[in-house]
Structure formats: C-alpha cells, structure tokens
Amino acid sequence: MRKIEIGLLDEGAASTKQALADVQASHRSMKVFVDAGTVTAYGKQMADVIVASYNAYLAQGINPMMDALAKQYTDEYYSVLEGKLAALATTYSGAVDAFGSYADQVTEKQLAQAA
C-alpha cells in the first residue's frame, strides 16, 4: 500500500500481485492441512475451528484488503486493516496455537504408548 500512497502505482500493482499469490498459497496450505485429517474427534473439532476462523479472516479481512489494493483504494484498505484485521488474525492464530498444543499432547501420548 505504501508504494501506491507515494505514487508508485506500477510497483504497488506488482506488490499486490505478489500478495494475491501469497493468499493463493495459503489456500493450498489450508487444503493440505484439511486433507491430512486428524487422529482424534476433538482434533477434528479443533481443525474445524481453524478452518472457520481462516475463512472469516479471509472473507472479512484479507479479501477486502486485497480488493482495496487491486483498486488502489487506500481508505478502504486502512479501514479493514485498522478495524477488523487484528481481531480476525488473533482468532485464527489462537485456533492454530490451540490445535498445535493439542497435537503435541496427542503425539507425546502416542509416543509414550509405543515405547
């Protein structure tokens, strides 16, 4: 966004294109996560929370920001950034962290049982 703000519109467009590619990469990574499945029913519930929070993060945060970037609308971009993004990111990050902690516990338990 900064490049757009200072009048480097072509460079801003190139940065936006890279950001969109990064969003697409995150879609692929989420699909890999979902397709991998989980070991426990509770893990599945936690994975579902990750997916739901990821989808909200995209729909209410990232996608509107990407749309604003593509249109080079700085006001819309900052409105989402300052108004919604932090809460959405925190929710998603919390779901990922909780799942990671739980997965570590399950793995430790399975390793202990296998020993």
# chains A, B, ... in the order shown; residues from 1 in each chain; ligands from 1
$ residues_around --residues "segment 87-104 of chain A" --least-positions-apart "6" --cutoff "9 Å" --atoms "only C-alpha atoms" --output "MDAnalysis selection string"
chainID A and resid 38:39 43 46:47 49:54 56:58 60:61
$ write_last_selection --atoms "N, CA and C atoms" --output "short mmCIF file (atom, residue, chain, number, x, y, z; two decimals), in the first residue's frame"
data_model
loop_
_atom_site.label_atom_id
_atom_site.label_comp_id
_atom_site.auth_asym_id
_atom_site.auth_seq_id
_atom_site.Cartn_x
_atom_site.Cartn_y
_atom_site.Cartn_z
N THR A 38 -7.23 -35.67 11.01
CA THR A 38 -6.78 -35.65 12.40
C THR A 38 -6.90 -37.04 13.00
N VAL A 39 -6.25 -37.21 14.15
CA VAL A 39 -6.21 -38.52 14.81
C VAL A 39 -7.41 -38.71 15.74
N GLY A 43 -9.60 -33.40 17.95
CA GLY A 43 -8.70 -32.76 16.99
C GLY A 43 -9.45 -32.30 15.75
N MET A 46 -11.24 -29.15 16.62
CA MET A 46 -10.29 -28.04 16.66
C MET A 46 -9.88 -27.63 15.24
N ALA A 47 -9.69 -28.61 14.37
CA ALA A 47 -9.35 -28.30 12.98
C ALA A 47 -10.49 -27.53 12.31
N VAL A 49 -12.47 -25.48 13.78
CA VAL A 49 -12.38 -24.11 14.29
C VAL A 49 -11.31 -23.33 13.52
N ILE A 50 -10.20 -24.00 13.22
CA ILE A 50 -9.15 -23.35 12.42
C ILE A 50 -9.71 -22.96 11.06
N VAL A 51 -10.38 -23.89 10.41
CA VAL A 51 -10.92 -23.62 9.08
C VAL A 51 -11.94 -22.47 9.13
N ALA A 52 -12.82 -22.49 10.12
CA ALA A 52 -13.83 -21.44 10.24
C ALA A 52 -13.18 -20.08 10.48
N SER A 53 -12.19 -20.04 11.36
CA SER A 53 -11.53 -18.76 11.64
C SER A 53 -10.69 -18.29 10.45
N TYR A 54 -10.10 -19.23 9.72
CA TYR A 54 -9.36 -18.90 8.49
C TYR A 54 -10.31 -18.30 7.45
N ALA A 56 -13.18 -16.83 7.96
CA ALA A 56 -13.61 -15.50 8.41
C ALA A 56 -12.50 -14.47 8.19
N TYR A 57 -11.27 -14.86 8.50
CA TYR A 57 -10.10 -14.00 8.31
C TYR A 57 -10.00 -13.58 6.84
N LEU A 58 -10.20 -14.55 5.96
CA LEU A 58 -10.15 -14.24 4.53
C LEU A 58 -11.33 -13.37 4.10
N GLN A 60 -13.56 -11.54 5.73
CA GLN A 60 -13.81 -10.24 6.36
C GLN A 60 -12.56 -9.36 6.44
N GLY A 61 -11.39 -9.95 6.23
CA GLY A 61 -10.15 -9.20 6.36
C GLY A 61 -9.30 -9.18 5.11
#
$ atom_distance --atom1 "atom CA of Leu85 of chain A" --atom2 "atom CA of Ala19 of chain A"
15.5 Å
$ residues_around --residues "Lys17 of chain A" --least-positions-apart "2" --cutoff "12 Å" --atoms "only C-alpha atoms" --output "list in words"
Met1, Asp10, Glu11, Gly12, Ala13, Ala14, Ser15, Ala19, Leu20, Ala21, Asp22, Val23, Gln24, Met66, Asp67, Leu69, Ala70 and Lys71 of chain A
$ atom_distance --atom1 "atom CA of Glu82 of chain A" --atom2 "atom CA of Thr16 of chain A"
18.6 Å
$ select_by_dssp --residues "chain A" --states "alpha helix (DSSP H)" --output "mmCIF file with N, CA and C atoms, in the first residue's frame"
data_model
loop_
_atom_site.group_PDB
_atom_site.id
_atom_site.type_symbol
_atom_site.label_atom_id
_atom_site.label_comp_id
_atom_site.auth_asym_id
_atom_site.auth_seq_id
_atom_site.Cartn_x
_atom_site.Cartn_y
_atom_site.Cartn_z
ATOM 1 N N ARG A 2 1.980 1.180 0.678
ATOM 2 C CA ARG A 2 2.837 2.371 0.755
ATOM 3 C C ARG A 2 3.271 2.847 -0.630
ATOM 4 N N LYS A 3 3.582 1.921 -1.519
ATOM 5 C CA LYS A 3 4.011 2.314 -2.865
ATOM 6 C C LYS A 3 2.891 3.038 -3.606
ATOM 7 N N ILE A 4 1.674 2.598 -3.396
ATOM 8 C CA ILE A 4 0.529 3.256 -4.017
ATOM 9 C C ILE A 4 0.376 4.659 -3.448
ATOM 10 N N GLU A 5 0.546 4.775 -2.134
ATOM 11 C CA GLU A 5 0.389 6.072 -1.479
ATOM 12 C C GLU A 5 1.396 7.102 -1.975
ATOM 13 N N LEU A 9 2.511 3.566 -8.640
ATOM 14 C CA LEU A 9 1.351 2.721 -8.900
ATOM 15 C C LEU A 9 1.708 1.386 -9.541
ATOM 16 N N ASP A 10 2.655 1.374 -10.471
ATOM 17 C CA ASP A 10 3.050 0.114 -11.107
ATOM 18 C C ASP A 10 3.718 -0.818 -10.100
ATOM 19 N N GLU A 11 4.582 -0.275 -9.252
ATOM 20 C CA GLU A 11 5.224 -1.089 -8.226
ATOM 21 C C GLU A 11 4.191 -1.562 -7.203
ATOM 22 N N GLY A 12 3.241 -0.710 -6.897
ATOM 23 C CA GLY A 12 2.159 -1.102 -5.993
ATOM 24 C C GLY A 12 1.342 -2.238 -6.576
ATOM 25 N N ALA A 13 1.076 -2.169 -7.869
ATOM 26 C CA ALA A 13 0.333 -3.238 -8.537
ATOM 27 C C ALA A 13 1.125 -4.546 -8.513
ATOM 28 N N ALA A 14 2.426 -4.463 -8.685
ATOM 29 C CA ALA A 14 3.266 -5.665 -8.631
ATOM 30 C C ALA A 14 3.264 -6.261 -7.223
ATOM 31 N N SER A 15 3.328 -5.410 -6.213
ATOM 32 C CA SER A 15 3.272 -5.888 -4.830
ATOM 33 C C SER A 15 1.920 -6.534 -4.539
ATOM 34 N N THR A 16 0.864 -5.943 -5.070
ATOM 35 C CA THR A 16 -0.476 -6.509 -4.897
ATOM 36 C C THR A 16 -0.558 -7.879 -5.547
ATOM 37 N N LYS A 17 0.024 -8.008 -6.718
ATOM 38 C CA LYS A 17 0.020 -9.301 -7.414
ATOM 39 C C LYS A 17 0.733 -10.354 -6.570
ATOM 40 N N GLN A 18 1.852 -9.997 -5.948
ATOM 41 C CA GLN A 18 2.578 -10.934 -5.086
ATOM 42 C C GLN A 18 1.746 -11.288 -3.856
ATOM 43 N N ALA A 19 1.077 -10.299 -3.284
ATOM 44 C CA ALA A 19 0.228 -10.553 -2.117
ATOM 45 C C ALA A 19 -0.908 -11.509 -2.475
ATOM 46 N N LEU A 20 -1.487 -11.341 -3.647
ATOM 47 C CA LEU A 20 -2.547 -12.248 -4.094
ATOM 48 C C LEU A 20 -2.004 -13.663 -4.281
ATOM 49 N N ALA A 21 -0.792 -13.780 -4.793
ATOM 50 C CA ALA A 21 -0.164 -15.098 -4.931
ATOM 51 C C ALA A 21 0.055 -15.732 -3.553
ATOM 52 N N ASP A 22 0.419 -14.921 -2.576
ATOM 53 C CA ASP A 22 0.598 -15.424 -1.213
ATOM 54 C C ASP A 22 -0.727 -15.916 -0.633
ATOM 55 N N VAL A 23 -1.805 -15.212 -0.918
ATOM 56 C CA VAL A 23 -3.128 -15.646 -0.452
ATOM 57 C C VAL A 23 -3.477 -16.992 -1.089
ATOM 58 N N GLN A 24 -3.205 -17.119 -2.373
ATOM 59 C CA GLN A 24 -3.475 -18.400 -3.040
ATOM 60 C C GLN A 24 -2.625 -19.529 -2.430
ATOM 61 N N ALA A 25 -1.389 -19.232 -2.090
ATOM 62 C CA ALA A 25 -0.535 -20.234 -1.438
ATOM 63 C C ALA A 25 -1.124 -20.637 -0.088
ATOM 64 N N SER A 26 -1.712 -19.682 0.619
ATOM 65 C CA SER A 26 -2.325 -20.020 1.906
ATOM 66 C C SER A 26 -3.535 -20.929 1.704
ATOM 67 N N HIS A 27 -4.277 -20.738 0.624
ATOM 68 C CA HIS A 27 -5.399 -21.642 0.304
ATOM 69 C C HIS A 27 -4.881 -23.070 0.109
ATOM 70 N N ARG A 28 -3.793 -23.186 -0.626
ATOM 71 C CA ARG A 28 -3.227 -24.523 -0.873
ATOM 72 C C ARG A 28 -2.746 -25.157 0.432
ATOM 73 N N SER A 29 -2.116 -24.371 1.275
ATOM 74 C CA SER A 29 -1.642 -24.891 2.560
ATOM 75 C C SER A 29 -2.808 -25.323 3.446
ATOM 76 N N MET A 30 -3.880 -24.554 3.445
ATOM 77 C CA MET A 30 -5.051 -24.928 4.240
ATOM 78 C C MET A 30 -5.657 -26.218 3.708
ATOM 79 N N LYS A 31 -5.689 -26.396 2.409
ATOM 80 C CA LYS A 31 -6.221 -27.628 1.833
ATOM 81 C C LYS A 31 -5.371 -28.821 2.254
ATOM 82 N N VAL A 32 -4.062 -28.667 2.251
ATOM 83 C CA VAL A 32 -3.176 -29.748 2.694
ATOM 84 C C VAL A 32 -3.476 -30.103 4.145
ATOM 85 N N PHE A 33 -3.652 -29.082 4.990
ATOM 86 C CA PHE A 33 -3.971 -29.302 6.398
ATOM 87 C C PHE A 33 -5.284 -30.073 6.530
ATOM 88 N N VAL A 34 -6.318 -29.621 5.850
ATOM 89 C CA VAL A 34 -7.631 -30.273 5.941
ATOM 90 C C VAL A 34 -7.566 -31.698 5.411
ATOM 91 N N ASP A 35 -6.913 -31.870 4.279
ATOM 92 C CA ASP A 35 -6.821 -33.194 3.670
ATOM 93 C C ASP A 35 -6.029 -34.188 4.519
ATOM 94 N N ALA A 36 -5.118 -33.683 5.341
ATOM 95 C CA ALA A 36 -4.318 -34.569 6.190
ATOM 96 C C ALA A 36 -5.174 -35.235 7.259
ATOM 97 N N ALA A 41 -11.337 -37.220 17.477
ATOM 98 C CA ALA A 41 -12.558 -36.459 17.204
ATOM 99 C C ALA A 41 -12.400 -35.009 17.694
ATOM 100 N N TYR A 42 -11.771 -34.851 18.870
ATOM 101 C CA TYR A 42 -11.557 -33.500 19.380
ATOM 102 C C TYR A 42 -10.607 -32.722 18.460
ATOM 103 N N GLY A 43 -9.604 -33.396 17.948
ATOM 104 C CA GLY A 43 -8.695 -32.762 16.985
ATOM 105 C C GLY A 43 -9.452 -32.298 15.751
ATOM 106 N N LYS A 44 -10.429 -33.077 15.317
ATOM 107 C CA LYS A 44 -11.252 -32.698 14.165
ATOM 108 C C LYS A 44 -12.050 -31.444 14.487
ATOM 109 N N GLN A 45 -12.615 -31.387 15.708
ATOM 110 C CA GLN A 45 -13.360 -30.190 16.112
ATOM 111 C C GLN A 45 -12.444 -28.969 16.111
ATOM 112 N N MET A 46 -11.244 -29.151 16.621
ATOM 113 C CA MET A 46 -10.288 -28.043 16.656
ATOM 114 C C MET A 46 -9.880 -27.628 15.242
ATOM 115 N N ALA A 47 -9.694 -28.605 14.368
ATOM 116 C CA ALA A 47 -9.355 -28.301 12.978
ATOM 117 C C ALA A 47 -10.488 -27.535 12.308
ATOM 118 N N ASP A 48 -11.720 -27.900 12.629
ATOM 119 C CA ASP A 48 -12.872 -27.181 12.079
ATOM 120 C C ASP A 48 -12.884 -25.722 12.537
ATOM 121 N N VAL A 49 -12.468 -25.485 13.781
ATOM 122 C CA VAL A 49 -12.384 -24.110 14.292
ATOM 123 C C VAL A 49 -11.313 -23.327 13.523
ATOM 124 N N ILE A 50 -10.204 -24.001 13.221
ATOM 125 C CA ILE A 50 -9.154 -23.352 12.424
ATOM 126 C C ILE A 50 -9.709 -22.955 11.062
ATOM 127 N N VAL A 51 -10.383 -23.894 10.414
ATOM 128 C CA VAL A 51 -10.919 -23.616 9.077
ATOM 129 C C VAL A 51 -11.940 -22.474 9.133
ATOM 130 N N ALA A 52 -12.818 -22.493 10.118
ATOM 131 C CA ALA A 52 -13.833 -21.445 10.237
ATOM 132 C C ALA A 52 -13.183 -20.080 10.482
ATOM 133 N N SER A 53 -12.185 -20.043 11.359
ATOM 134 C CA SER A 53 -11.533 -18.759 11.644
ATOM 135 C C SER A 53 -10.693 -18.294 10.446
ATOM 136 N N TYR A 54 -10.099 -19.229 9.716
ATOM 137 C CA TYR A 54 -9.358 -18.901 8.494
ATOM 138 C C TYR A 54 -10.312 -18.305 7.452
ATOM 139 N N ASN A 55 -11.463 -18.955 7.289
ATOM 140 C CA ASN A 55 -12.431 -18.457 6.306
ATOM 141 C C ASN A 55 -12.936 -17.068 6.674
ATOM 142 N N ALA A 56 -13.179 -16.829 7.965
ATOM 143 C CA ALA A 56 -13.609 -15.495 8.405
ATOM 144 C C ALA A 56 -12.499 -14.475 8.185
ATOM 145 N N TYR A 57 -11.272 -14.865 8.503
ATOM 146 C CA TYR A 57 -10.104 -13.997 8.308
ATOM 147 C C TYR A 57 -9.999 -13.582 6.836
ATOM 148 N N ASN A 63 -9.485 -10.695 2.027
ATOM 149 C CA ASN A 63 -10.084 -10.448 0.705
ATOM 150 C C ASN A 63 -10.505 -8.988 0.509
ATOM 151 N N PRO A 64 -11.170 -8.358 1.497
ATOM 152 C CA PRO A 64 -11.474 -6.927 1.308
ATOM 153 C C PRO A 64 -10.215 -6.064 1.172
ATOM 154 N N MET A 65 -9.157 -6.427 1.900
ATOM 155 C CA MET A 65 -7.905 -5.676 1.759
ATOM 156 C C MET A 65 -7.312 -5.875 0.369
ATOM 157 N N MET A 66 -7.354 -7.106 -0.134
ATOM 158 C CA MET A 66 -6.826 -7.375 -1.467
ATOM 159 C C MET A 66 -7.642 -6.639 -2.524
ATOM 160 N N ASP A 67 -8.958 -6.606 -2.341
ATOM 161 C CA ASP A 67 -9.811 -5.855 -3.282
ATOM 162 C C ASP A 67 -9.445 -4.372 -3.272
ATOM 163 N N ALA A 68 -9.234 -3.825 -2.076
ATOM 164 C CA ALA A 68 -8.857 -2.411 -1.967
ATOM 165 C C ALA A 68 -7.502 -2.164 -2.618
ATOM 166 N N LEU A 69 -6.567 -3.085 -2.411
ATOM 167 C CA LEU A 69 -5.252 -2.945 -3.049
ATOM 168 C C LEU A 69 -5.369 -2.978 -4.569
ATOM 169 N N ALA A 70 -6.160 -3.929 -5.064
ATOM 170 C CA ALA A 70 -6.317 -4.051 -6.516
ATOM 171 C C ALA A 70 -6.912 -2.783 -7.126
ATOM 172 N N LYS A 71 -7.817 -2.145 -6.381
ATOM 173 C CA LYS A 71 -8.436 -0.903 -6.846
ATOM 174 C C LYS A 71 -7.603 0.330 -6.495
ATOM 175 N N THR A 74 -6.840 3.365 -0.901
ATOM 176 C CA THR A 74 -6.137 3.361 0.379
ATOM 177 C C THR A 74 -7.083 3.452 1.576
ATOM 178 N N ASP A 75 -8.148 4.236 1.456
ATOM 179 C CA ASP A 75 -9.070 4.383 2.589
ATOM 180 C C ASP A 75 -9.723 3.054 2.957
ATOM 181 N N GLU A 76 -10.175 2.310 1.956
ATOM 182 C CA GLU A 76 -10.791 1.005 2.214
ATOM 183 C C GLU A 76 -9.777 0.047 2.835
ATOM 184 N N TYR A 77 -8.567 0.059 2.319
ATOM 185 C CA TYR A 77 -7.513 -0.813 2.827
ATOM 186 C C TYR A 77 -7.286 -0.550 4.312
ATOM 187 N N TYR A 78 -7.084 0.694 4.663
ATOM 188 C CA TYR A 78 -6.806 1.031 6.063
ATOM 189 C C TYR A 78 -8.020 0.828 6.964
ATOM 190 N N SER A 79 -9.202 0.981 6.413
ATOM 191 C CA SER A 79 -10.415 0.725 7.192
ATOM 192 C C SER A 79 -10.449 -0.728 7.667
ATOM 193 N N VAL A 80 -10.140 -1.645 6.773
ATOM 194 C CA VAL A 80 -10.108 -3.064 7.144
ATOM 195 C C VAL A 80 -8.925 -3.338 8.059
ATOM 196 N N ALA A 86 -6.901 -7.153 13.006
ATOM 197 C CA ALA A 86 -6.227 -7.634 14.217
ATOM 198 C C ALA A 86 -7.075 -8.666 14.953
ATOM 199 N N ALA A 87 -8.359 -8.400 15.122
ATOM 200 C CA ALA A 87 -9.230 -9.341 15.828
ATOM 201 C C ALA A 87 -9.363 -10.652 15.061
ATOM 202 N N LEU A 88 -9.495 -10.559 13.745
ATOM 203 C CA LEU A 88 -9.601 -11.774 12.929
ATOM 204 C C LEU A 88 -8.314 -12.591 12.984
ATOM 205 N N ALA A 89 -7.196 -11.906 12.896
ATOM 206 C CA ALA A 89 -5.897 -12.592 12.956
ATOM 207 C C ALA A 89 -5.683 -13.240 14.313
ATOM 208 N N THR A 90 -6.084 -12.557 15.366
ATOM 209 C CA THR A 90 -5.929 -13.104 16.708
ATOM 210 C C THR A 90 -6.771 -14.362 16.889
ATOM 211 N N THR A 91 -7.981 -14.343 16.398
ATOM 212 C CA THR A 91 -8.856 -15.514 16.490
ATOM 213 C C THR A 91 -8.252 -16.687 15.725
ATOM 214 N N TYR A 92 -7.812 -16.443 14.511
ATOM 215 C CA TYR A 92 -7.205 -17.501 13.700
ATOM 216 C C TYR A 92 -5.930 -18.029 14.354
ATOM 217 N N SER A 93 -5.074 -17.135 14.782
ATOM 218 C CA SER A 93 -3.819 -17.531 15.414
ATOM 219 C C SER A 93 -4.073 -18.340 16.688
ATOM 220 N N GLY A 94 -5.064 -17.926 17.465
ATOM 221 C CA GLY A 94 -5.407 -18.662 18.682
ATOM 222 C C GLY A 94 -5.870 -20.075 18.384
ATOM 223 N N ALA A 95 -6.663 -20.227 17.328
ATOM 224 C CA ALA A 95 -7.136 -21.561 16.942
ATOM 225 C C ALA A 95 -5.971 -22.438 16.496
ATOM 226 N N VAL A 96 -5.053 -21.866 15.749
ATOM 227 C CA VAL A 96 -3.878 -22.612 15.290
ATOM 228 C C VAL A 96 -3.001 -23.010 16.475
ATOM 229 N N ASP A 97 -2.780 -22.078 17.385
ATOM 230 C CA ASP A 97 -1.950 -22.374 18.562
ATOM 231 C C ASP A 97 -2.572 -23.455 19.432
ATOM 232 N N ALA A 98 -3.892 -23.372 19.651
ATOM 233 C CA ALA A 98 -4.578 -24.374 20.470
ATOM 234 C C ALA A 98 -4.474 -25.755 19.823
ATOM 235 N N PHE A 99 -4.664 -25.803 18.517
ATOM 236 C CA PHE A 99 -4.551 -27.075 17.810
ATOM 237 C C PHE A 99 -3.129 -27.619 17.915
ATOM 238 N N GLY A 100 -2.144 -26.771 17.748
ATOM 239 C CA GLY A 100 -0.753 -27.204 17.838
ATOM 240 C C GLY A 100 -0.424 -27.773 19.203
ATOM 241 N N SER A 101 -0.899 -27.116 20.241
ATOM 242 C CA SER A 101 -0.658 -27.617 21.601
ATOM 243 C C SER A 101 -1.324 -28.970 21.808
ATOM 244 N N TYR A 102 -2.550 -29.083 21.365
ATOM 245 C CA TYR A 102 -3.268 -30.344 21.492
ATOM 246 C C TYR A 102 -2.581 -31.452 20.682
ATOM 247 N N ALA A 103 -2.181 -31.129 19.468
ATOM 248 C CA ALA A 103 -1.498 -32.121 18.629
ATOM 249 C C ALA A 103 -0.201 -32.595 19.284
ATOM 250 N N ASP A 104 0.521 -31.688 19.923
ATOM 251 C CA ASP A 104 1.736 -32.072 20.639
ATOM 252 C C ASP A 104 1.418 -33.042 21.771
ATOM 253 N N GLN A 105 0.339 -32.778 22.498
ATOM 254 C CA GLN A 105 -0.057 -33.663 23.590
ATOM 255 C C GLN A 105 -0.428 -35.049 23.073
ATOM 256 N N VAL A 106 -1.183 -35.092 22.004
ATOM 257 C CA VAL A 106 -1.585 -36.378 21.414
ATOM 258 C C VAL A 106 -0.353 -37.147 20.939
ATOM 259 N N THR A 107 0.568 -36.455 20.303
ATOM 260 C CA THR A 107 1.787 -37.097 19.811
ATOM 261 C C THR A 107 2.614 -37.650 20.967
ATOM 262 N N GLU A 108 2.767 -36.861 22.020
ATOM 263 C CA GLU A 108 3.521 -37.329 23.187
ATOM 264 C C GLU A 108 2.875 -38.580 23.786
ATOM 265 N N LYS A 109 1.562 -38.585 23.878
ATOM 266 C CA LYS A 109 0.840 -39.725 24.426
ATOM 267 C C LYS A 109 1.056 -40.962 23.556
ATOM 268 N N GLN A 110 0.964 -40.789 22.240
ATOM 269 C CA GLN A 110 1.147 -41.918 21.334
ATOM 270 C C GLN A 110 2.585 -42.441 21.389
ATOM 271 N N LEU A 111 3.550 -41.556 21.498
ATOM 272 C CA LEU A 111 4.948 -41.985 21.598
ATOM 273 C C LEU A 111 5.192 -42.732 22.903
ATOM 274 N N ALA A 112 4.575 -42.268 23.979
ATOM 275 C CA ALA A 112 4.731 -42.931 25.275
ATOM 276 C C ALA A 112 4.115 -44.325 25.236
ATOM 277 N N GLN A 113 2.988 -44.451 24.581
ATOM 278 C CA GLN A 113 2.317 -45.755 24.474
ATOM 279 C C GLN A 113 3.113 -46.709 23.586
ATOM 280 N N ALA A 114 3.800 -46.181 22.596
ATOM 281 C CA ALA A 114 4.569 -47.013 21.679
ATOM 282 C C ALA A 114 5.880 -47.487 22.288
#
$ decode --residues "segment 15-66 of chain A" --atoms "C-alpha atoms" --output "compact mmCIF listing (two decimals), in the first residue's frame"
# COMPACT_ATOMS: atom_id res chain seq x y z
CA SER A 15 3.27 -5.89 -4.83
CA THR A 16 -0.48 -6.51 -4.90
CA LYS A 17 0.02 -9.30 -7.41
CA GLN A 18 2.58 -10.93 -5.09
CA ALA A 19 0.23 -10.55 -2.12
CA LEU A 20 -2.55 -12.25 -4.09
CA ALA A 21 -0.16 -15.10 -4.93
CA ASP A 22 0.60 -15.42 -1.21
CA VAL A 23 -3.13 -15.65 -0.45
CA GLN A 24 -3.48 -18.40 -3.04
CA ALA A 25 -0.53 -20.23 -1.44
CA SER A 26 -2.32 -20.02 1.91
CA HIS A 27 -5.40 -21.64 0.30
CA ARG A 28 -3.23 -24.52 -0.87
CA SER A 29 -1.64 -24.89 2.56
CA MET A 30 -5.05 -24.93 4.24
CA LYS A 31 -6.22 -27.63 1.83
CA VAL A 32 -3.18 -29.75 2.69
CA PHE A 33 -3.97 -29.30 6.40
CA VAL A 34 -7.63 -30.27 5.94
CA ASP A 35 -6.82 -33.19 3.67
CA ALA A 36 -4.32 -34.57 6.19
CA GLY A 37 -7.13 -35.19 8.67
CA THR A 38 -6.78 -35.65 12.40
CA VAL A 39 -6.21 -38.52 14.81
CA THR A 40 -8.99 -37.74 17.30
CA ALA A 41 -12.56 -36.46 17.20
CA TYR A 42 -11.56 -33.50 19.38
CA GLY A 43 -8.70 -32.76 16.99
CA LYS A 44 -11.25 -32.70 14.17
CA GLN A 45 -13.36 -30.19 16.11
CA MET A 46 -10.29 -28.04 16.66
CA ALA A 47 -9.35 -28.30 12.98
CA ASP A 48 -12.87 -27.18 12.08
CA VAL A 49 -12.38 -24.11 14.29
CA ILE A 50 -9.15 -23.35 12.42
CA VAL A 51 -10.92 -23.62 9.08
CA ALA A 52 -13.83 -21.44 10.24
CA SER A 53 -11.53 -18.76 11.64
CA TYR A 54 -9.36 -18.90 8.49
CA ASN A 55 -12.43 -18.46 6.31
CA ALA A 56 -13.61 -15.50 8.41
CA TYR A 57 -10.10 -14.00 8.31
CA LEU A 58 -10.15 -14.24 4.53
CA ALA A 59 -13.74 -13.15 3.93
CA GLN A 60 -13.81 -10.24 6.36
CA GLY A 61 -10.15 -9.20 6.36
CA ILE A 62 -7.74 -10.39 3.71
CA ASN A 63 -10.08 -10.45 0.70
CA PRO A 64 -11.47 -6.93 1.31
CA MET A 65 -7.91 -5.68 1.76
CA MET A 66 -6.83 -7.37 -1.47
